[in-house]
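J.: Have a look at this one.
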Number of protein chains: 2
Amino acid sequence: MKSQTIAGQIVQLRAVPSPDHFRTAIVPTLTVDLQGIPGDRHYGFTRKAGARERWYEAGMEMRSGRQLSIVSVEELTEIARRMELPRIDPGWIGANVVVSGIPDFTRLPWGTRLFCDDGAVLVNEGDNAPCRFAGAEIARHFPDRERLDILFPKAAMFLRGIIASVERAGAIAPGPLKVKIPEQKLWTGGTLL
Amino acid sequence: MKSQTIAGQIVQLRAVPSPDHFRTAIVPTLTVDLQGIPGDRHYGFTRKAGARERWYEAGMEMRSGRQLSIVSVEELTEIARRMELPRIDPGWIGANVVVSGIPDFTRLPWGTRLFCDDGAVLVNEGDNAPCRFAGAEIARHFPDRERLDILFPKAAMFLRGIIASVERAGAIAPGPLKVKIPEQKLWTGGTLL
């Protein structure tokens, strides 16, 4: 499939009140540089390997790829439906950017560029694997429900949004978003579909 | 398609004699850190935007993604065949790593990880768009042939290898290479194939 550009919307921006926080609160705009969001726990070109990188020793310094977390309104609604919850707040799972109007947002190919109208350009570094840590944050808001922390990783598979790096520094504000999807091919070890 | 791991070979390493050089010469091993190859013109987390990024102003500081250039023996042979040349030396087009045994190497999906036996782990940042600048370097070696600089970008499309970033610092030496390909899906705006 040829490269294509589609339109979406940025509906909300969020940031942590301080670097030791996981949950994010609504802010009017975000200003990012090439290391991400200044003051964020994920700020930096590099980070320490964690549970998601089982193939590395924990704590090893590695390329980041995880500067920002981006989620979609439609996918959070679908996760909530699967978990039989009234809603999932983007802040509970540490989202920085909330978008709308992009079908199968989490499935966008790695390398897809998100051009924000206010200057910043973000690069998709792959889908954000849902974890029990984020599930536990959701569970805190529904104390009468059991095992939500374990349910979340299953319900949110390929719906939990993407992680992204900043390619061009600048501002991110609510408004139009241009999504540029690179040419897509399935690699099949010699035979291209 | 599920994620899969395939085997390949690293057959040659190359580095520039000094940062102002484009052509690379054979070295026994490469030692990379998270910014790439120390002393290389592409070393760094960031770089200046160039002709490949027509959507940015030239010279703007941007996320790099272009720390190393990796090519395959089989694809260079195919480019040479299409251009009716006896051979294309990986050094002429600035390659740092030469691999073998990986079908459709340039088509490997963005995000594919290359695990070198000697410690380094590289991440595929997409196919390397062939340009006239590399074509001109090839042309220098065949002075009796005309317009090779223009022929190269056409002949080398999706055969010119990939650009990569370092995810784990370490050594790269000739020998086995493990290639971990992430789960593949074509994004079709709502309908997944």
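Residue names in the structure tokens use chain letters A, B, ... in the order shown, residue numbers from 1 in each chain, and ligand numbers from 1 in the order shown.
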For chain B, work out the contacting residues on chain A at 9 Å, counting only C-alpha atoms, and write them as an NGL selection string.

T.: :A and (1 or 6 or 34-35 or 45-46 or 56 or 60-64 or 102-105 or 107-111 or 125-126 or 165-169 or 181 or 184-192)

J.: I want to know what sits within 9 Å of stretch 152-156 of chain B, based on only C-alpha atoms, with residues of the same chain fewer than 3 positions away left out; could you give that as an MDAnalysis selection string?

T.: chainID B and resid 75:76 78:80 82:83 129:132 134:136 138 147:149 159:160

J.: List the spatial neighbours of A:Thr29 as number ranges by chain - criterion: any atom at most 8 Å away, only C-alpha atoms, same-chain residues fewer than 2 positions off excluded.

T.: A: 13, 27, 31, 171-174

J.: Using DSSP secondary structure from the backbone, list all strand (DSSP E or B) positions within stretch 1-188 of chain A, as a count of residues only.

T.: 64

J.: Mind pulling up the distance from atom CA of A:Glu57 to atom CA of B:Arg14?

T.: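 Here the two named atoms are 28.6 Å from each other.
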
J.: Write out as a tab-separated table (two decimals) with all heavy atoms, in the first residue's frame all residues of chain A that backbone DSSP assigns to helix (DSSP H, G or I).

T.:
chain	number	residue	atom	x	y	z
A	73	VAL	N	-9.62	8.49	21.92
A	73	VAL	CA	-10.91	8.50	22.62
A	73	VAL	C	-11.69	7.22	22.31
A	73	VAL	O	-12.21	6.55	23.22
A	73	VAL	CB	-11.74	9.72	22.17
A	73	VAL	CG1	-13.16	9.64	22.71
A	73	VAL	CG2	-11.06	11.02	22.58
A	74	GLU	N	-11.74	6.87	21.01
A	74	GLU	CA	-12.56	5.74	20.59
A	74	GLU	C	-12.04	4.43	21.19
A	74	GLU	O	-12.81	3.57	21.59
A	74	GLU	CB	-12.57	5.64	19.06
A	74	GLU	CG	-13.28	6.81	18.35
A	74	GLU	CD	-12.36	8.02	18.12
A	74	GLU	OE1	-11.24	8.04	18.67
A	74	GLU	OE2	-12.78	8.95	17.40
A	75	GLU	N	-10.72	4.27	21.24
A	75	GLU	CA	-10.17	3.02	21.77
A	75	GLU	C	-10.33	2.93	23.29
A	75	GLU	O	-10.59	1.85	23.83
A	75	GLU	CB	-8.70	2.88	21.35
A	75	GLU	CG	-8.57	2.60	19.85
A	75	GLU	CD	-7.13	2.42	19.39
A	75	GLU	OE1	-6.21	2.95	20.05
A	75	GLU	OE2	-6.92	1.75	18.35
A	76	LEU	N	-10.21	4.07	24.01
A	76	LEU	CA	-10.42	4.02	25.46
A	76	LEU	C	-11.88	3.66	25.76
A	76	LEU	O	-12.17	2.94	26.72
A	76	LEU	CB	-10.08	5.37	26.11
A	76	LEU	CG	-8.59	5.76	26.15
A	76	LEU	CD1	-8.39	6.96	27.07
A	76	LEU	CD2	-7.72	4.60	26.62
A	77	THR	N	-12.79	4.14	24.91
A	77	THR	CA	-14.21	3.80	25.08
A	77	THR	C	-14.42	2.29	24.89
A	77	THR	O	-15.16	1.65	25.64
A	77	THR	CB	-15.07	4.59	24.06
A	77	THR	OG1	-14.84	5.98	24.27
A	77	THR	CG2	-16.55	4.27	24.21
A	78	GLU	N	-13.71	1.74	23.89
A	78	GLU	CA	-13.84	0.30	23.63
A	78	GLU	C	-13.24	-0.52	24.77
A	78	GLU	O	-13.80	-1.56	25.16
A	78	GLU	CB	-13.17	-0.04	22.29
A	78	GLU	CG	-13.07	-1.53	21.97
A	78	GLU	CD	-14.42	-2.24	21.86
A	78	GLU	OE1	-15.46	-1.57	21.72
A	78	GLU	OE2	-14.42	-3.50	21.93
A	79	ILE	N	-12.10	-0.08	25.32
A	79	ILE	CA	-11.52	-0.81	26.46
A	79	ILE	C	-12.50	-0.78	27.64
A	79	ILE	O	-12.74	-1.81	28.29
A	79	ILE	CB	-10.17	-0.19	26.90
A	79	ILE	CG1	-9.14	-0.25	25.78
A	79	ILE	CG2	-9.63	-0.94	28.13
A	79	ILE	CD1	-7.86	0.56	26.09
A	80	ALA	N	-13.09	0.38	27.91
A	80	ALA	CA	-14.05	0.51	29.01
A	80	ALA	C	-15.24	-0.43	28.81
A	80	ALA	O	-15.69	-1.09	29.74
A	80	ALA	CB	-14.52	1.96	29.13
A	81	ARG	N	-15.71	-0.51	27.57
A	81	ARG	CA	-16.85	-1.39	27.26
A	81	ARG	C	-16.48	-2.84	27.55
A	81	ARG	O	-17.21	-3.57	28.22
A	81	ARG	CB	-17.24	-1.22	25.79
A	81	ARG	CG	-18.56	-1.89	25.40
A	81	ARG	CD	-18.73	-1.97	23.89
A	81	ARG	NE	-17.75	-2.84	23.24
A	81	ARG	CZ	-17.78	-4.18	23.24
A	81	ARG	NH1	-18.77	-4.82	23.86
A	81	ARG	NH2	-16.83	-4.88	22.64
A	82	ARG	N	-15.29	-3.24	27.10
A	82	ARG	CA	-14.86	-4.63	27.34
A	82	ARG	C	-14.68	-4.94	28.82
A	82	ARG	O	-14.87	-6.08	29.25
A	82	ARG	CB	-13.52	-4.87	26.63
A	82	ARG	CG	-13.62	-4.85	25.11
A	82	ARG	CD	-12.27	-5.19	24.50
A	82	ARG	NE	-12.30	-5.11	23.05
A	82	ARG	CZ	-11.29	-5.45	22.26
A	82	ARG	NH1	-10.14	-5.89	22.81
A	82	ARG	NH2	-11.38	-5.35	20.97
A	90	PRO	N	-7.93	9.10	30.45
A	90	PRO	CA	-6.60	9.01	29.84
A	90	PRO	C	-5.48	9.26	30.86
A	90	PRO	O	-4.38	8.74	30.71
A	90	PRO	CB	-6.61	10.11	28.77
A	90	PRO	CG	-8.04	10.41	28.51
A	90	PRO	CD	-8.78	10.11	29.77
A	91	GLY	N	-5.78	10.07	31.86
A	91	GLY	CA	-4.78	10.39	32.87
A	91	GLY	C	-4.41	9.21	33.74
A	91	GLY	O	-3.26	9.08	34.18
A	92	TRP	N	-5.36	8.29	33.97
A	92	TRP	CA	-5.08	7.12	34.81
A	92	TRP	C	-3.97	6.25	34.22
A	92	TRP	O	-3.24	5.60	34.95
A	92	TRP	CB	-6.34	6.26	34.97
A	92	TRP	CG	-7.49	6.96	35.62
A	92	TRP	CD1	-7.47	8.12	36.34
A	92	TRP	CD2	-8.86	6.53	35.60
A	92	TRP	NE1	-8.72	8.45	36.77
A	92	TRP	CE2	-9.61	7.49	36.34
A	92	TRP	CE3	-9.54	5.45	35.05
A	92	TRP	CZ2	-10.99	7.38	36.52
A	92	TRP	CZ3	-10.91	5.33	35.24
A	92	TRP	CH2	-11.62	6.29	35.96
A	93	ILE	N	-3.90	6.22	32.88
A	93	ILE	CA	-2.89	5.35	32.26
A	93	ILE	C	-1.72	6.16	31.68
A	93	ILE	O	-0.96	5.70	30.84
A	93	ILE	CB	-3.52	4.42	31.18
A	93	ILE	CG1	-4.22	5.23	30.09
A	93	ILE	CG2	-4.53	3.47	31.85
A	93	ILE	CD1	-4.70	4.35	28.91
A	105	PHE	N	-6.31	3.35	15.71
A	105	PHE	CA	-5.18	4.23	16.01
A	105	PHE	C	-3.95	3.45	16.47
A	105	PHE	O	-2.83	3.69	15.99
A	105	PHE	CB	-5.59	5.25	17.08
A	105	PHE	CG	-4.46	6.15	17.48
A	105	PHE	CD1	-3.97	7.10	16.60
A	105	PHE	CD2	-3.86	6.03	18.73
A	105	PHE	CE1	-2.91	7.92	16.96
A	105	PHE	CE2	-2.81	6.85	19.10
A	105	PHE	CZ	-2.32	7.79	18.21
A	106	THR	N	-4.15	2.49	17.37
A	106	THR	CA	-3.01	1.75	17.92
A	106	THR	C	-2.31	0.92	16.86
A	106	THR	O	-1.14	0.57	16.99
A	106	THR	CB	-3.49	0.85	19.08
A	106	THR	OG1	-4.01	1.69	20.12
A	106	THR	CG2	-2.37	0.01	19.66
A	107	ARG	N	-3.01	0.60	15.78
A	107	ARG	CA	-2.45	-0.23	14.71
A	107	ARG	C	-1.68	0.58	13.66
A	107	ARG	O	-1.18	0.00	12.69
A	107	ARG	CB	-3.56	-1.00	14.00
A	107	ARG	CG	-4.35	-1.92	14.89
A	107	ARG	CD	-3.66	-3.25	15.04
A	107	ARG	NE	-4.56	-4.25	15.59
A	107	ARG	CZ	-4.24	-5.53	15.72
A	107	ARG	NH1	-3.05	-5.96	15.36
A	107	ARG	NH2	-5.10	-6.38	16.23
A	132	ARG	N	-0.03	-4.37	33.84
A	132	ARG	CA	-0.80	-4.43	35.09
A	132	ARG	C	-0.65	-3.16	35.90
A	132	ARG	O	-1.51	-2.80	36.70
A	132	ARG	CB	-0.35	-5.63	35.93
A	132	ARG	CG	-0.87	-6.94	35.41
A	132	ARG	CD	-0.48	-8.08	36.33
A	132	ARG	NE	-1.04	-7.94	37.67
A	132	ARG	CZ	-0.86	-8.85	38.63
A	132	ARG	NH1	-0.15	-9.93	38.39
A	132	ARG	NH2	-1.39	-8.66	39.81
A	133	PHE	N	0.48	-2.45	35.71
A	133	PHE	CA	0.72	-1.20	36.44
A	133	PHE	C	-0.35	-0.17	36.08
A	133	PHE	O	-0.99	0.43	36.96
A	133	PHE	CB	2.13	-0.70	36.10
A	133	PHE	CG	2.55	0.52	36.86
A	133	PHE	CD1	2.68	0.48	38.24
A	133	PHE	CD2	2.81	1.71	36.20
A	133	PHE	CE1	3.08	1.61	38.96
A	133	PHE	CE2	3.19	2.84	36.90
A	133	PHE	CZ	3.32	2.80	38.28
A	134	ALA	N	-0.60	-0.01	34.78
A	134	ALA	CA	-1.68	0.89	34.34
A	134	ALA	C	-3.03	0.33	34.78
A	134	ALA	O	-3.93	1.08	35.19
A	134	ALA	CB	-1.63	1.08	32.83
A	135	GLY	N	-3.16	-1.01	34.72
A	135	GLY	CA	-4.40	-1.65	35.15
A	135	GLY	C	-4.70	-1.36	36.62
A	135	GLY	O	-5.85	-1.14	37.01
A	136	ALA	N	-3.67	-1.32	37.44
A	136	ALA	CA	-3.84	-1.06	38.87
A	136	ALA	C	-4.33	0.37	39.11
A	136	ALA	O	-5.12	0.64	40.03
A	136	ALA	CB	-2.53	-1.30	39.62
A	137	GLU	N	-3.86	1.31	38.27
A	137	GLU	CA	-4.31	2.70	38.39
A	137	GLU	C	-5.81	2.81	38.07
A	137	GLU	O	-6.53	3.58	38.69
A	137	GLU	CB	-3.50	3.61	37.46
A	137	GLU	CG	-2.07	3.84	37.90
A	137	GLU	CD	-1.98	4.76	39.13
A	137	GLU	OE1	-2.90	5.57	39.36
A	137	GLU	OE2	-0.98	4.63	39.86
A	138	ILE	N	-6.24	2.03	37.08
A	138	ILE	CA	-7.68	2.01	36.75
A	138	ILE	C	-8.46	1.41	37.91
A	138	ILE	O	-9.49	1.94	38.34
A	138	ILE	CB	-7.92	1.21	35.45
A	138	ILE	CG1	-7.26	1.93	34.26
A	138	ILE	CG2	-9.41	1.01	35.20
A	138	ILE	CD1	-7.23	1.12	32.98
A	139	ALA	N	-7.94	0.31	38.45
A	139	ALA	CA	-8.62	-0.42	39.52
A	139	ALA	C	-8.86	0.48	40.74
A	139	ALA	O	-9.88	0.34	41.43
A	139	ALA	CB	-7.80	-1.65	39.91
A	148	LEU	N	-9.30	-5.96	38.19
A	148	LEU	CA	-9.26	-5.08	37.01
A	148	LEU	C	-7.83	-4.91	36.50
A	148	LEU	O	-7.60	-4.72	35.30
A	148	LEU	CB	-9.84	-3.70	37.36
A	148	LEU	CG	-11.36	-3.59	37.48
A	148	LEU	CD1	-11.75	-2.15	37.77
A	148	LEU	CD2	-12.05	-4.09	36.22
A	149	ASP	N	-6.85	-4.99	37.42
A	149	ASP	CA	-5.45	-4.83	37.01
A	149	ASP	C	-5.03	-5.93	36.03
A	149	ASP	O	-4.25	-5.69	35.11
A	149	ASP	CB	-4.52	-4.80	38.23
A	149	ASP	CG	-4.62	-6.06	39.07
A	149	ASP	OD1	-5.73	-6.67	39.12
A	149	ASP	OD2	-3.61	-6.45	39.67
A	150	ILE	N	-5.60	-7.12	36.22
A	150	ILE	CA	-5.26	-8.25	35.34
A	150	ILE	C	-6.13	-8.23	34.08
A	150	ILE	O	-5.69	-8.62	33.00
A	150	ILE	CB	-5.45	-9.58	36.11
A	150	ILE	CG1	-4.44	-9.63	37.26
A	150	ILE	CG2	-5.29	-10.78	35.19
A	150	ILE	CD1	-4.73	-10.74	38.25
A	151	LEU	N	-7.35	-7.75	34.24
A	151	LEU	CA	-8.26	-7.68	33.10
A	151	LEU	C	-7.77	-6.67	32.06
A	151	LEU	O	-7.87	-6.90	30.85
A	151	LEU	CB	-9.67	-7.31	33.58
A	151	LEU	CG	-10.78	-7.21	32.53
A	151	LEU	CD1	-10.93	-8.51	31.75
A	151	LEU	CD2	-12.11	-6.85	33.20
A	152	PHE	N	-7.19	-5.55	32.53
A	152	PHE	CA	-6.80	-4.47	31.62
A	152	PHE	C	-5.84	-4.92	30.51
A	152	PHE	O	-6.09	-4.64	29.33
A	152	PHE	CB	-6.20	-3.29	32.41
A	152	PHE	CG	-5.66	-2.19	31.54
A	152	PHE	CD1	-6.53	-1.35	30.83
A	152	PHE	CD2	-4.30	-1.97	31.43
A	152	PHE	CE1	-6.04	-0.34	30.02
A	152	PHE	CE2	-3.80	-0.95	30.62
A	152	PHE	CZ	-4.67	-0.14	29.91
A	153	PRO	N	-4.75	-5.62	30.83
A	153	PRO	CA	-3.82	-6.00	29.74
A	153	PRO	C	-4.50	-6.82	28.64
A	153	PRO	O	-4.13	-6.72	27.47
A	153	PRO	CB	-2.75	-6.82	30.47
A	153	PRO	CG	-2.81	-6.36	31.89
A	153	PRO	CD	-4.26	-6.03	32.15
A	154	LYS	N	-5.49	-7.64	29.02
A	154	LYS	CA	-6.20	-8.43	28.00
A	154	LYS	C	-7.17	-7.57	27.21
A	154	LYS	O	-7.22	-7.62	25.98
A	154	LYS	CB	-6.97	-9.58	28.68
A	154	LYS	CG	-6.06	-10.62	29.32
A	154	LYS	CD	-6.87	-11.65	30.09
A	154	LYS	CE	-5.94	-12.54	30.92
A	154	LYS	NZ	-6.69	-13.33	31.92
A	155	ALA	N	-7.94	-6.75	27.92
A	155	ALA	CA	-8.97	-5.94	27.26
A	155	ALA	C	-8.36	-4.84	26.38
A	155	ALA	O	-8.98	-4.40	25.42
A	155	ALA	CB	-9.88	-5.30	28.32

J.: Please list as a list in words every residue within 7 Å of A:Ser72, counting only C-alpha atoms and excluding residues in the same chain fewer than 5 positions away.

T.: Val98, Val99, Ser100, Phe105 and Gly161 of chain A

J.: Provide the atom CA of B:Asn128 to atom CA of B:Ile163 distance in Å, to one decimal place.

T.: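 Pair atom CA of B:Asn128 / atom CA of B:Ile163 returns 5.7 Å.
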
J.: Compare A:Pro28, A:Arg47, A:Gly101, A:Lys180 by their minimum atom-to-atom distance to A:Lys2, counting only C-alpha atoms, and give me the closest one.

T.: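 The answer is A:Lys180, which sits nearest to A:Lys2.
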
J.: Atom CA of B:Asp118 to atom CA of A:Ala164: how many Å, to one decimal?

T.: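 That distance, rounded to one decimal, is 28.5 Å.
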